[in-house]
$ cat target-v6.cif   # mmCIF, C-alpha atoms and all ligand atoms
data_input
#
loop_
_atom_site.group_PDB
_atom_site.id
_atom_site.type_symbol
_atom_site.label_atom_id
_atom_site.label_comp_id
_atom_site.auth_asym_id
_atom_site.auth_seq_id
_atom_site.Cartn_x
_atom_site.Cartn_y
_atom_site.Cartn_z
ATOM 1 C CA MET A 1 -65.688 -316.598 7.215
ATOM 2 C CA ASN A 2 -65.956 -316.743 3.419
ATOM 3 C CA ARG A 3 -63.962 -314.425 1.183
ATOM 4 C CA CYS A 4 -66.788 -311.969 0.654
ATOM 5 C CA ALA A 5 -67.534 -311.693 4.385
ATOM 6 C CA ARG A 6 -63.813 -311.210 5.094
ATOM 7 C CA ARG A 7 -63.652 -308.424 2.553
ATOM 8 C CA THR A 8 -66.712 -306.728 4.066
ATOM 9 C CA ALA A 9 -65.226 -307.006 7.559
ATOM 10 C CA PHE A 10 -61.912 -305.587 6.345
ATOM 11 C CA PHE A 11 -63.722 -302.701 4.643
ATOM 12 C CA SER A 12 -65.756 -301.894 7.793
ATOM 13 C CA LEU A 13 -62.629 -301.933 9.954
ATOM 14 C CA SER A 14 -60.749 -299.671 7.548
ATOM 15 C CA LEU A 15 -63.665 -297.250 7.510
ATOM 16 C CA ALA A 16 -63.802 -297.180 11.310
ATOM 17 C CA ALA A 17 -60.040 -296.596 11.522
ATOM 18 C CA ALA A 18 -60.208 -293.802 8.958
ATOM 19 C CA THR A 19 -63.089 -292.133 10.819
ATOM 20 C CA LEU A 20 -61.155 -292.289 14.099
ATOM 21 C CA ALA A 21 -58.034 -290.928 12.464
ATOM 22 C CA PHE A 22 -59.822 -287.991 10.885
ATOM 23 C CA ALA A 23 -62.225 -287.088 13.701
ATOM 24 C CA PRO A 24 -59.749 -284.952 15.711
ATOM 25 C CA ALA A 25 -58.599 -283.245 12.530
ATOM 26 C CA LEU A 26 -62.187 -282.336 11.656
ATOM 27 C CA LEU A 27 -62.822 -280.963 15.132
ATOM 28 C CA GLN A 28 -59.662 -278.879 15.008
ATOM 29 C CA GLU A 29 -60.449 -277.538 11.578
ATOM 30 C CA GLU A 30 -63.732 -276.134 12.797
ATOM 31 C CA VAL A 31 -61.955 -274.089 15.469
ATOM 32 C CA LYS A 32 -58.888 -273.470 13.269
ATOM 33 C CA SER A 33 -55.858 -275.369 14.480
ATOM 34 C CA PRO A 34 -52.610 -273.482 15.160
ATOM 35 C CA THR A 35 -51.198 -274.516 11.778
ATOM 36 C CA ALA A 36 -54.340 -273.221 10.029
ATOM 37 C CA VAL A 37 -54.121 -269.870 11.762
ATOM 38 C CA PRO A 38 -51.352 -267.761 10.289
ATOM 39 C CA ALA A 39 -51.315 -264.212 11.585
ATOM 40 C CA GLY A 40 -53.138 -262.166 8.961
ATOM 41 C CA GLU A 41 -52.501 -258.574 7.932
ATOM 42 C CA ASP A 42 -55.142 -257.205 10.278
ATOM 43 C CA GLN A 43 -55.594 -260.139 12.610
ATOM 44 C CA THR A 44 -53.236 -261.899 14.974
ATOM 45 C CA ARG A 45 -53.623 -265.566 15.856
ATOM 46 C CA ILE A 46 -55.113 -264.534 19.212
ATOM 47 C CA ASP A 47 -57.644 -262.341 17.368
ATOM 48 C CA GLN A 48 -58.815 -265.293 15.293
ATOM 49 C CA TRP A 49 -59.380 -267.562 18.289
ATOM 50 C CA MET A 50 -60.992 -264.687 20.185
ATOM 51 C CA GLU A 51 -63.495 -264.468 17.346
ATOM 52 C CA THR A 52 -64.509 -268.082 17.984
ATOM 53 C CA ILE A 53 -64.922 -267.207 21.664
ATOM 54 C CA GLU A 54 -66.971 -264.127 20.785
ATOM 55 C CA GLU A 55 -69.272 -266.067 18.451
ATOM 56 C CA GLY A 56 -69.725 -268.614 21.231
ATOM 57 C CA MET A 57 -70.660 -265.890 23.718
ATOM 58 C CA GLU A 58 -73.223 -264.566 21.236
ATOM 59 C CA THR A 59 -74.910 -267.994 21.002
ATOM 60 C CA LEU A 60 -74.695 -268.546 24.761
ATOM 61 C CA ARG A 61 -76.339 -265.190 25.511
ATOM 62 C CA LYS A 62 -79.685 -266.870 24.786
ATOM 63 C CA SER A 63 -78.960 -270.599 24.855
ATOM 64 C CA VAL A 64 -77.542 -270.569 28.392
ATOM 65 C CA ARG A 65 -80.973 -269.620 29.737
ATOM 66 C CA ASP A 66 -82.812 -272.412 27.966
ATOM 67 C CA PRO A 67 -82.336 -276.042 29.097
ATOM 68 C CA ALA A 68 -83.775 -277.176 25.757
ATOM 69 C CA LEU A 69 -80.717 -275.607 24.099
ATOM 70 C CA PHE A 70 -78.114 -277.040 26.483
ATOM 71 C CA GLY A 71 -76.907 -279.519 23.827
ATOM 72 C CA GLU A 72 -76.166 -276.607 21.503
ATOM 73 C CA SER A 73 -74.527 -274.660 24.347
ATOM 74 C CA ILE A 74 -72.217 -277.569 25.170
ATOM 75 C CA GLU A 75 -71.063 -277.829 21.546
ATOM 76 C CA VAL A 76 -70.289 -274.130 21.493
ATOM 77 C CA VAL A 77 -68.394 -274.298 24.802
ATOM 78 C CA GLU A 78 -66.264 -277.169 23.459
ATOM 79 C CA LYS A 79 -65.091 -274.919 20.628
ATOM 80 C CA MET A 80 -64.459 -272.032 23.003
ATOM 81 C CA VAL A 81 -62.365 -274.286 25.249
ATOM 82 C CA GLN A 82 -60.245 -275.346 22.288
ATOM 83 C CA ALA A 83 -59.831 -271.766 21.064
ATOM 84 C CA ALA A 84 -58.876 -270.489 24.544
ATOM 85 C CA ALA A 85 -56.421 -273.363 25.028
ATOM 86 C CA TRP A 86 -54.605 -272.455 21.825
ATOM 87 C CA ALA A 87 -54.726 -268.690 22.400
ATOM 88 C CA ARG A 88 -53.244 -269.000 25.892
ATOM 89 C CA THR A 89 -49.720 -269.862 24.690
ATOM 90 C CA GLU A 90 -49.508 -266.903 22.282
ATOM 91 C CA THR A 91 -47.994 -263.477 22.909
ATOM 92 C CA PRO A 92 -50.408 -260.541 22.868
ATOM 93 C CA LYS A 93 -49.675 -257.763 20.371
ATOM 94 C CA MET A 94 -49.418 -255.285 23.215
ATOM 95 C CA ALA A 95 -46.293 -257.038 24.569
ATOM 96 C CA ALA A 96 -44.292 -255.117 21.943
ATOM 97 C CA ASN A 97 -45.227 -251.849 23.707
ATOM 98 C CA VAL A 98 -44.317 -253.068 27.190
ATOM 99 C CA ALA A 99 -40.859 -252.178 28.570
ATOM 100 C CA GLU A 100 -38.400 -254.969 27.836
ATOM 101 C CA GLY A 101 -37.756 -255.668 31.508
ATOM 102 C CA GLU A 102 -41.472 -256.192 32.163
ATOM 103 C CA ARG A 103 -42.341 -258.092 28.999
ATOM 104 C CA ALA A 104 -41.852 -261.641 30.257
ATOM 105 C CA ALA A 105 -44.009 -260.966 33.339
ATOM 106 C CA PHE A 106 -46.671 -259.404 31.098
ATOM 107 C CA VAL A 107 -46.821 -262.502 28.861
ATOM 108 C CA ARG A 108 -46.933 -264.784 31.933
ATOM 109 C CA ALA A 109 -49.789 -262.741 33.403
ATOM 110 C CA TYR A 110 -51.701 -263.007 30.093
ATOM 111 C CA ARG A 111 -51.233 -266.762 30.066
ATOM 112 C CA LYS A 112 -52.425 -267.100 33.669
ATOM 113 C CA GLU A 113 -55.525 -265.056 32.905
ATOM 114 C CA MET A 114 -56.243 -267.207 29.857
ATOM 115 C CA ILE A 115 -55.969 -270.262 32.114
ATOM 116 C CA GLU A 116 -58.589 -268.627 34.376
ATOM 117 C CA LEU A 117 -60.780 -268.172 31.299
ATOM 118 C CA LEU A 118 -60.327 -271.836 30.404
ATOM 119 C CA VAL A 119 -61.212 -272.962 33.937
ATOM 120 C CA GLU A 120 -64.367 -270.837 33.836
ATOM 121 C CA LEU A 121 -65.334 -272.288 30.451
ATOM 122 C CA LEU A 122 -64.856 -275.810 31.819
ATOM 123 C CA ARG A 123 -67.012 -274.916 34.842
ATOM 124 C CA LEU A 124 -69.668 -273.769 32.374
ATOM 125 C CA GLU A 125 -69.427 -277.072 30.523
ATOM 126 C CA ALA A 126 -69.904 -278.952 33.822
ATOM 127 C CA ALA A 127 -72.907 -276.794 34.810
ATOM 128 C CA LEU A 128 -74.499 -277.430 31.400
ATOM 129 C CA LEU A 129 -73.899 -281.169 31.683
ATOM 130 C CA GLU A 130 -75.642 -281.084 35.063
ATOM 131 C CA GLY A 131 -78.502 -279.029 33.574
ATOM 132 C CA ASN A 132 -77.792 -276.344 36.173
ATOM 133 C CA THR A 133 -79.283 -273.227 34.557
ATOM 134 C CA GLU A 134 -78.625 -271.010 37.557
ATOM 135 C CA ASP A 135 -74.878 -271.726 37.666
ATOM 136 C CA ALA A 136 -74.605 -271.584 33.876
ATOM 137 C CA GLN A 137 -76.045 -268.064 33.845
ATOM 138 C CA LYS A 138 -73.766 -266.916 36.677
ATOM 139 C CA ILE A 139 -70.708 -268.256 34.871
ATOM 140 C CA TYR A 140 -71.796 -266.585 31.632
ATOM 141 C CA LYS A 141 -71.954 -263.236 33.447
ATOM 142 C CA ASN A 142 -68.524 -263.854 34.952
ATOM 143 C CA LEU A 143 -67.125 -264.570 31.484
ATOM 144 C CA LYS A 144 -68.353 -261.135 30.364
ATOM 145 C CA LYS A 145 -66.457 -259.573 33.275
ATOM 146 C CA MET A 146 -63.323 -261.549 32.413
ATOM 147 C CA GLU A 147 -63.537 -260.314 28.828
ATOM 148 C CA GLU A 148 -63.623 -256.722 29.999
ATOM 149 C CA ALA A 149 -60.819 -257.128 32.539
ATOM 150 C CA GLY A 150 -58.661 -259.127 30.107
ATOM 151 C CA HIS A 151 -58.946 -256.520 27.375
ATOM 152 C CA GLU A 152 -58.360 -253.661 29.797
ATOM 153 C CA ARG A 153 -55.065 -255.185 30.862
ATOM 154 C CA PHE A 154 -53.754 -256.950 27.770
ATOM 155 C CA THR A 155 -54.879 -254.887 24.760
ATOM 156 C CA ASP A 156 -54.301 -251.297 23.696
ATOM 157 C CA GLY A 157 -58.041 -251.088 23.103
ATOM 158 C CA GLU A 158 -57.680 -250.599 19.328
HETATM 159 C C1 LIG B 201 -65.563 -264.104 26.857
HETATM 160 C C2 LIG B 201 -64.356 -263.616 26.843
HETATM 161 C C3 LIG B 201 -63.706 -262.911 25.671
HETATM 162 C C4 LIG B 201 -64.200 -262.544 24.448
HETATM 163 C C5 LIG B 201 -65.609 -262.729 23.905
HETATM 164 C C6 LIG B 201 -63.123 -261.899 23.708
HETATM 165 C C7 LIG B 201 -63.223 -261.367 22.430
HETATM 166 C C8 LIG B 201 -62.201 -260.748 21.742
HETATM 167 C C9 LIG B 201 -62.308 -260.161 20.432
HETATM 168 C C10 LIG B 201 -63.614 -260.092 19.620
HETATM 169 C C11 LIG B 201 -61.081 -259.687 20.077
HETATM 170 C C12 LIG B 201 -60.719 -258.957 18.786
HETATM 171 C C13 LIG B 201 -60.700 -259.872 17.606
HETATM 172 C C14 LIG B 201 -60.420 -259.125 16.279
HETATM 173 O O1 LIG B 201 -60.123 -257.948 16.301
HETATM 174 O O2 LIG B 201 -60.516 -259.758 15.248
HETATM 175 C C15 LIG B 201 -60.174 -259.955 21.170
HETATM 176 C C16 LIG B 201 -58.844 -259.648 21.183
HETATM 177 C C17 LIG B 201 -58.008 -259.893 22.241
HETATM 178 N N1 LIG B 201 -58.347 -260.485 23.441
HETATM 179 FE FE1 LIG B 201 -60.153 -261.216 23.961
HETATM 180 N N2 LIG B 201 -62.008 -261.915 24.505
HETATM 181 C C18 LIG B 201 -62.324 -262.513 25.700
HETATM 182 C C19 LIG B 201 -61.485 -262.715 26.780
HETATM 183 C C20 LIG B 201 -60.172 -262.341 26.835
HETATM 184 C C21 LIG B 201 -59.308 -262.515 27.982
HETATM 185 C C22 LIG B 201 -59.711 -263.153 29.318
HETATM 186 C C23 LIG B 201 -58.080 -262.033 27.612
HETATM 187 C C24 LIG B 201 -56.797 -261.985 28.403
HETATM 188 C C25 LIG B 201 -56.375 -262.915 29.212
HETATM 189 C C26 LIG B 201 -58.179 -261.554 26.248
HETATM 190 C C27 LIG B 201 -57.133 -261.016 25.512
HETATM 191 C C28 LIG B 201 -57.233 -260.526 24.232
HETATM 192 C C29 LIG B 201 -56.102 -259.958 23.519
HETATM 193 C C30 LIG B 201 -54.680 -259.832 24.042
HETATM 194 C C31 LIG B 201 -56.589 -259.561 22.251
HETATM 195 C C32 LIG B 201 -55.790 -258.885 21.128
HETATM 196 C C33 LIG B 201 -55.113 -259.886 20.228
HETATM 197 C C34 LIG B 201 -53.605 -259.830 20.240
HETATM 198 O O3 LIG B 201 -52.991 -259.162 21.069
HETATM 199 O O4 LIG B 201 -53.014 -260.513 19.403
HETATM 200 N N3 LIG B 201 -59.465 -261.753 25.809
HETATM 201 N N4 LIG B 201 -60.878 -260.630 22.166
#
$ encode --input "target-v6.cif" --output "structure tokens"
Amino acid sequence: MNRCARRTAFFSLSLAAATLAFAPALLQEEVKSPTAVPAGEDQTRIDQWMETIEEGMETLRKSVRDPALFGESIEVVEKMVQAAAWARTETPKMAANVAEGERAAFVRAYRKEMIELLVELLRLEAALLEGNTEDAQKIYKNLKKMEEAGHERFTDGE
């Protein structure tokens, strides 16, 4: 290999390494990584990830019915999975209003329900990858029910 070719090869390798190193960071930034999500004045960290999940649900409302949009649906579900994974280890605001003796159980129950949400989102991803419109629509409807039940139990409904 002459000097010029060596330099080109070195440059290509460095570029590939840099791309690999930054790819996860870029993905996280889109969903807002835990370090990029300080609790705001009006919004908790859970709120901010829930917004990602809500935006995803809005897109899925139509895209989940259309196999031509499955690629788009899968991208959205990936973000929802990431957001739900991060939100699951947080403490809901409402915990402050729960009796001290029941607080730990309340936070555990929230986390378990968020795990259920994650499992359902992963099932949706699998259905979309299989091109299974029927299952995808059923899971979407179930997610709506989980939203309602989750908020009923873990928020003060503000
Ligand atoms: C498709 C499912 C869901 C959607 C679309 C959704 C959406 C939302 C939205 C829009 C907010 C308010 C965000 C804001 O005010 O800025 C919120 C808050 C919240 N959600 Fe969900 N949610 C879902 C599922 C769940 C589930 C399953 C749970 C419980 C396990 C849950 C627990 C909460 C809690 C605790 C808050 C209040 C934030 C806090 O306490 O810090 N959500 N959600």
$ residues_near_ligand --input "target-v6.cif" --ligand "ligand LIG 201 (chain B)" --cutoff "8 Å" --atoms "all atoms listed in the file" --output "ChimeraX atom specification"
/A:42-51,53-57,88,90-95,109-117,143-151,153-155
$ closest_residue --input "target-v6.cif" --among "A:Thr89, A:Thr52, A:Asn97, A:Thr133" --to "Val76 in chain A" --atoms "all atoms listed in the file"
A:Thr52
$ atom_distance --input "target-v6.cif" --atom1 "CA of Gln137 in chain A" --atom2 "CA of Arg61 in chain A"
8.8 Å
$ resolve_selection --input "target-v6.cif" --expression "the PyMOL selection byres (((chain A and resi 126) around 12) and not hetatm)" --output "count of residues only"
22
$ atom_distance --input "target-v6.cif" --atom1 "CA of Ala83 in chain A" --atom2 "CA of Glu102 in chain A"
26.5 Å
$ atom_distance --input "target-v6.cif" --atom1 "CA of Arg65 in chain A" --atom2 "CA of Lys79 in chain A"
19.1 Å
$ closest_residue --input "target-v6.cif" --among "A:Glu75, A:Leu118, A:Ala84, A:Arg103" --to "Ser63 in chain A" --atoms "all atoms listed in the file"
A:Glu75
